[in-house]
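Asks: There's a structure below that I have some questions on.
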There are 2 protein chains.
Amino acid sequence: MNLKQLSDRLGLSQTTVSRALNGYPEVSEATRERVLKAAQQTGYKPNKAAQRLATGKAKSIGLVMQSAPEIGGDPHFSEFLSGLAEEAVKHDFHFVMAPASPDDEVNAIKRLIASGYVDAIFLAHVVDPDPRVDLLRSSSIPYLLHGRVMGDTHDYPYLDVDNEGAFHTAAKLLLQLGHKRFALLNGMERFTFAMRRKIGLENALADAGLTLSPDLVHHSVMSDQAGFRAMERFLAQPERPTAVLCASTTLALGAVRAISKAGLKLGKDISLIAHDDVLSTLRPENFSVPLTTTRSSLRAAGARIGQRLIGSLGGASELPQQELWEAELIVRASTGPAPT
Amino acid sequence: MNLKQLSDRLGLSQTTVSRALNGYPEVSEATRERVLKAAQQTGYKPNKAAQRLATGKAKSIGLVMQSAPEIGGDPHFSEFLSGLAEEAVKHDFHFVMAPASPDDEVNAIKRLIASGYVDAIFLAHVVDPDPRVDLLRSSSIPYLLHGRVMGDTHDYPYLDVDNEGAFHTAAKLLLQLGHKRFALLNGMERFTFAMRRKIGLENALADAGLTLSPDLVHHSVMSDQAGFRAMERFLAQPERPTAVLCASTTLALGAVRAISKAGLKLGKDISLIAHDDVLSTLRPENFSVPLTTTRSSLRAAGARIGQRLIGSLGGASELPQQELWEAELIVRASTGPAPT
DNA sequence: CCTGTCCTTCAAAGCGCTTTGGATAATTCT
DNA sequence: AGAATTATCCAAAGCGCTTTGAAGGACAGG
């Protein structure tokens with residue numbers, strides 16, 4: 001069933017039917033109702049591709065999804081997506097996901113833009129420098145980043161968590177508790193969120209006249225397994241750390257396991273603070289020793305990004321708009337005074 | 001840059017340019033090269049919406065994503081997606097994801113089909129009866145299920161794991177070890193995968209003249225938290241179970257925590273077998289006591305589904321095709337003889 | 001030199017929708 | 001009553017692509 005068939009059946013023109021369906025005022029209430037009813041009965045749904053072609057709008061936002069055999073699914077990704085979806089479903093938007101191998105992301109974005117399938121583009125996992133951001137900046141399609149590049153040029157729209165501040169605060173708490181030897185369990189080095197977290201920690205240490213030993217810094221994907229291995233390595237050092245900052249609860253899971261395996265008590269022999277993205281399947285308060293965390297909901301970020309992206313399409317101001325969310329420091333049992 | 005502009009610039013007709021680009025034989029090699037080069041230089045990318053409108057094909061597969069404020073991100077979902085993406089990226093396919101609230105999924109599928117945006121549809125989280133499956137069956141769009149409805153009418157294409165067999169086997173192992181009192185930590189009751197797992201366990205017990213106590217069955221979302229709570233409840237029973245079957249490693253995570261909190265030793269006081277979807281962030285071999293599991297990779301299933309779906313569009317046989325994957329039983333340290 | 005073939009290219013129609021610029025009929029104003 | 005609005009509705013163009021049917025040119029054979 002298409003527009004033509006529907007209008008033939010009603011004895012009306014396509015114009016009128018289209019207008020009736022889309023709420024234009026130039027049709028009488030009587031015919032509008034007639035049209036609506038017929039559309040309902042016949043199950044008529046407009047063809048989006050045609051709509052898109054005619055209007056240039058399609059109520060869809062595009063995102064490229066990194067895909068490679070060695071990259072597994074990321075719970076952070078789906079947590080974020082569920083927030084985005086929550087907002088999208090309210091406005092009848094959908095997503096177009098273009099999978100791309102890591103070295104082909106720029107092209108994937110180009111294709112996405114040119115495809116005419118999407119009204120706006122979302123981008124995450126910002127690196128520095130980031131060619132994808134440059135591309136988006138020079139294109140005319142609306143977009144929004146989750147995260148930002150390094151440096152102070154803030155002429156592009158983003159939403160980011162204050163990662164530097166979060167780890168700075170966390171480190172300060174540990175310093176106040178008397179800790180001197182710190183370790184960092186971080187995400188992949190190339191991501192700016194990881195860079196900023198490291199900087200936050202380093203600055204806090206510098207303020208206290210301390211430095212971060214390169215041997216006590218680990219960068220990797222954020223899996224349970226990676227956390228375990230890295231923590232085992234840390235503990236094997238001649239002078240082992242008494243304070244650990246951890247970029248995610250999944251990493252913390254492994255780290256905690258390594259700690260108890262070594263016979264150490266969390267919150268006593270060793271203190272740990274993890275960043276908590278509020279993953280629905282893994283809560284820091286449910287760890288055997290509840291985790292002190294810097295918290296910022298990934299899902300909420302997704303929802304907010306959806307809101308802004310969809311809002312900007314509705315004709316809201318086009319100004320580059322930035323948003324920086326502070327993470328909450330939540331003290332639980334995994335932190336305590338430095339052992340003497 | 002569109003086709004018309006490109007062809008004007010080349011002094012050729014749109015027809016010729018289109019044919020050159022799409023590899024038709026009716027153009028001379030000389031002009032084909034000229035066209036290809038120009039397309040490259042100008043960065044011409046065909047508009048997918050127009051292509052779709054003209055051909056009816058769009059190299060895209062659709063999926064609806066359940067979204068509700070109370071549903072968080074699901075690591076299983078993203079693990080599966082990464083498999084699907086792996087295959088899609090090979091064939092330059094993309095996904096169209098329509099988020100829908102749980103009570104609106106049928107409509108979301110209808111919209112997806114009518115939208116003209118997708119060539120095929122993928123569906124997961126099968127329930128029974130499942131109106132979405134009925135809809136797909138009666139529509140003419142190619143589709144594929146991950147999972148299947150209950151009953152023996154197998155006239156629709158699916159790929160499923162033999163959940164019943166997996167839990168049957170797992171239960172048998174525990175029975176051989178002398179266990180008599182079983183508990184089940186399952187996924188949501190409405191999903192057929194959960195139903196089948198329960199049946200597998202019940203049948204194995206029945207063969208041994210045992211029954212499953214309703215007090216020792218728990219259905220919920222598969223989160224760490226849910227696993228913890230349920231296991232605590234199980235352990236509080238007057239006669240506590242000595243064997244536990246667990247529908248996922250995330251549930252097992254919480255369950256194991258409850259067990260150690262109660263001062264019990266896994267693999268000794270209590271045995272546990274979990275189903276392992278091979279989530280990249282949570283490996284059963286890395287649990288403090290490595291977990292005995294029934295294993296079946298979700299990511300592999302995603303890749304296989306992508307392969308079949310994309311293949312069927314390429315004109316392969318349209319026969320309803322079924323596939324049932326056996327899960328591997330992998331014995332590790334979380335299972336041991338029943339305590340006497 | 002003319003005709004029949006093949007090779008290459010093109011004009012135009014069509015995919016299903018929106019939207020511009022009228023046209024017609026109903027209503028109001030003078 | 002006739003003129004000026006206003007309320008409804010419509011024909012046709014256009015979005016960017018593919019594809020059908022046909023035309024023009026080159027080349028061989030008669």
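Chain labels A, B, ... are given in the sequence in which chains occur in the structure tokens; within each chain residues are numbered consecutively from 1, and ligands are likewise numbered from 1 in the order shown.
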Give me, as JSON lines, the closest atom pair and its distance (Å, one decimal) for every residue of chain D within a cut-off of 6 Å of chain B, counting only C-alpha atoms (C1' of nucleotides), rows sorted by chain and rising number.

Replies:
{"residue": "D:DG16", "atom": "C1'", "partner": "B:Ala50", "partner_atom": "CA", "distance": 5.2}
{"residue": "D:DC17", "atom": "C1'", "partner": "B:Ala50", "partner_atom": "CA", "distance": 4.9}
{"residue": "D:DT18", "atom": "C1'", "partner": "B:Ala54", "partner_atom": "CA", "distance": 5.6}

Asks: Counting only C-alpha atoms (C1' of nucleotides), which residues from chain C have an atom at most 7 Å from any atom of chain A, and could you show them as a PDB file with N, CA and C atoms (P, O5', C5', C4', C3', O3' and C1' of nucleotides), in the first residue's frame?

Replies:
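Written output follows (selection08.pdb):
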ATOM      1  P    DG C  16       6.593   2.239  -5.365  1.00  0.00           P
ATOM      2  O5'  DG C  16       6.463   3.450  -4.350  1.00  0.00           O
ATOM      3  C5'  DG C  16       7.213   3.425  -3.150  1.00  0.00           C
ATOM      4  C4'  DG C  16       7.135   4.780  -2.492  1.00  0.00           C
ATOM      5  C3'  DG C  16       5.720   5.292  -2.228  1.00  0.00           C
ATOM      6  O3'  DG C  16       5.672   5.721  -0.885  1.00  0.00           O
ATOM      7  C1'  DG C  16       6.969   6.935  -3.346  1.00  0.00           C
ATOM      8  P    DC C  17       4.381   6.307  -0.193  1.00  0.00           P
ATOM      9  O5'  DC C  17       4.759   7.855  -0.069  1.00  0.00           O
ATOM     10  C5'  DC C  17       5.625   8.275   0.953  1.00  0.00           C
ATOM     11  C4'  DC C  17       6.353   9.528   0.555  1.00  0.00           C
ATOM     12  C3'  DC C  17       5.601  10.836   0.755  1.00  0.00           C
ATOM     13  O3'  DC C  17       5.869  11.300   2.086  1.00  0.00           O
ATOM     14  C1'  DC C  17       6.890  10.828  -1.257  1.00  0.00           C
ATOM     15  P    DT C  18       5.028  12.542   2.637  1.00  0.00           P
ATOM     16  O5'  DT C  18       5.734  13.790   1.922  1.00  0.00           O
ATOM     17  C5'  DT C  18       7.023  14.188   2.341  1.00  0.00           C
ATOM     18  C4'  DT C  18       7.438  15.426   1.582  1.00  0.00           C
ATOM     19  C3'  DT C  18       6.682  16.703   1.949  1.00  0.00           C
ATOM     20  O3'  DT C  18       7.633  17.756   1.948  1.00  0.00           O
ATOM     21  C1'  DT C  18       6.493  16.319  -0.371  1.00  0.00           C
TER      22       DT C  18
END

Asks: Give the strand (DSSP E) residues of stretch 178-242 of chain A, as assigned by DSSP on the backbone, as a VMD selection string.

Replies: chain A and resid 182 to 186 217 to 219

Asks: Hey, can you spit out that residue selection with C-alpha atoms as an mmCIF file, in the first residue's frame?

Replies:
data_model
loop_
_atom_site.group_PDB
_atom_site.id
_atom_site.type_symbol
_atom_site.label_atom_id
_atom_site.label_comp_id
_atom_site.auth_asym_id
_atom_site.auth_seq_id
_atom_site.Cartn_x
_atom_site.Cartn_y
_atom_site.Cartn_z
ATOM 1 C CA PHE A 182 49.674 5.055 43.571
ATOM 2 C CA ALA A 183 48.823 2.778 40.705
ATOM 3 C CA LEU A 184 46.571 3.463 37.719
ATOM 4 C CA LEU A 185 44.473 0.913 35.893
ATOM 5 C CA ASN A 186 43.381 2.819 32.831
ATOM 6 C CA VAL A 217 50.395 2.452 35.089
ATOM 7 C CA HIS A 218 48.478 0.058 32.929
ATOM 8 C CA HIS A 219 46.501 0.768 29.772
#

Asks: Please build the interface table for chain A against chain B with a cut-off of 8 Å, listing for each qualifying residue the nearest atom pair and the distance in Å to one decimal; count only C-alpha atoms, order rows by chain and increasing number, and write it as a Markdown table.

Replies:
| residue | atom | partner | partner_atom | distance |
| --- | --- | --- | --- | --- |
| A:Lys45 | CA | B:Ala114 | CA | 5.8 |
| A:Pro46 | CA | B:Ser115 | CA | 6.5 |
| A:Asn47 | CA | B:Ser115 | CA | 4.6 |
| A:Lys48 | CA | B:Ser115 | CA | 4.6 |
| A:Ala49 | CA | B:Ala49 | CA | 4.8 |
| A:Ala50 | CA | B:Leu53 | CA | 6.3 |
| A:Arg52 | CA | B:Ala49 | CA | 6.7 |
| A:Leu53 | CA | B:Ala49 | CA | 6.1 |
| A:Ser67 | CA | B:Glu86 | CA | 5.9 |
| A:Ala68 | CA | B:Glu86 | CA | 6.2 |
| A:Pro69 | CA | B:Glu86 | CA | 6.5 |
| A:Ile71 | CA | B:Ser82 | CA | 7.8 |
| A:Gly72 | CA | B:Ser280 | CA | 5.3 |
| A:Gly73 | CA | B:Glu79 | CA | 3.8 |
| A:Asp74 | CA | B:Ser78 | CA | 6.1 |
| A:Pro75 | CA | B:Pro75 | CA | 4.4 |
| A:His76 | CA | B:Gly73 | CA | 7.9 |
| A:Phe77 | CA | B:Ser78 | CA | 7.1 |
| A:Ser78 | CA | B:Gly73 | CA | 4.8 |
| A:Glu79 | CA | B:Gly73 | CA | 3.8 |
| A:Phe80 | CA | B:Gly73 | CA | 7.1 |
| A:Leu81 | CA | B:Gly73 | CA | 7.1 |
| A:Ser82 | CA | B:Gly73 | CA | 5.3 |
| A:Gly83 | CA | B:Pro69 | CA | 8.0 |
| A:Ala85 | CA | B:Pro99 | CA | 5.6 |
| A:Glu86 | CA | B:Ser67 | CA | 5.9 |
| A:Ala88 | CA | B:Pro99 | CA | 7.0 |
| A:Val89 | CA | B:Pro99 | CA | 5.6 |
| A:Phe93 | CA | B:Ala98 | CA | 7.4 |
| A:His94 | CA | B:Ala98 | CA | 4.8 |
| A:Phe95 | CA | B:Met97 | CA | 5.1 |
| A:Val96 | CA | B:Val96 | CA | 4.6 |
| A:Met97 | CA | B:Phe95 | CA | 5.1 |
| A:Ala98 | CA | B:His94 | CA | 4.9 |
| A:Pro99 | CA | B:Val89 | CA | 5.5 |
| A:Ala100 | CA | B:Val89 | CA | 5.9 |
| A:Ser101 | CA | B:Val89 | CA | 7.4 |
| A:Arg111 | CA | B:Lys45 | CA | 6.7 |
| A:Ala114 | CA | B:Lys45 | CA | 5.8 |
| A:Ser115 | CA | B:Asn47 | CA | 4.5 |
| A:Gly116 | CA | B:Asn47 | CA | 5.4 |
| A:Tyr117 | CA | B:Ala49 | CA | 6.2 |
| A:Met222 | CA | B:Thr281 | CA | 7.2 |
| A:Ser223 | CA | B:Thr281 | CA | 4.2 |
| A:Asp224 | CA | B:Thr281 | CA | 5.5 |
| A:Gln225 | CA | B:Asn286 | CA | 6.7 |
| A:Thr250 | CA | B:Thr281 | CA | 7.0 |
| A:Arg257 | CA | B:Ser288 | CA | 6.6 |
| A:Lys261 | CA | B:Ser288 | CA | 7.6 |
| A:Leu279 | CA | B:Gly73 | CA | 7.3 |
| A:Ser280 | CA | B:Gly72 | CA | 5.3 |
| A:Thr281 | CA | B:Ser223 | CA | 4.2 |
| A:Leu282 | CA | B:Asp224 | CA | 5.6 |
| A:Arg283 | CA | B:Gln225 | CA | 7.0 |
| A:Asn286 | CA | B:Gln225 | CA | 6.7 |
| A:Phe287 | CA | B:Arg257 | CA | 7.8 |
| A:Ser288 | CA | B:Arg257 | CA | 6.5 |
| A:Arg299 | CA | B:Gly72 | CA | 7.8 |

Asks: Name the residues of stretch 79-168 of chain B that fall into alpha helix (DSSP H) according to DSSP on the backbone, using the chain letters and numbers of this document, as an MDAnalysis selection string.

Replies: chainID B and resid 79:90 105:115 131:138 163:168
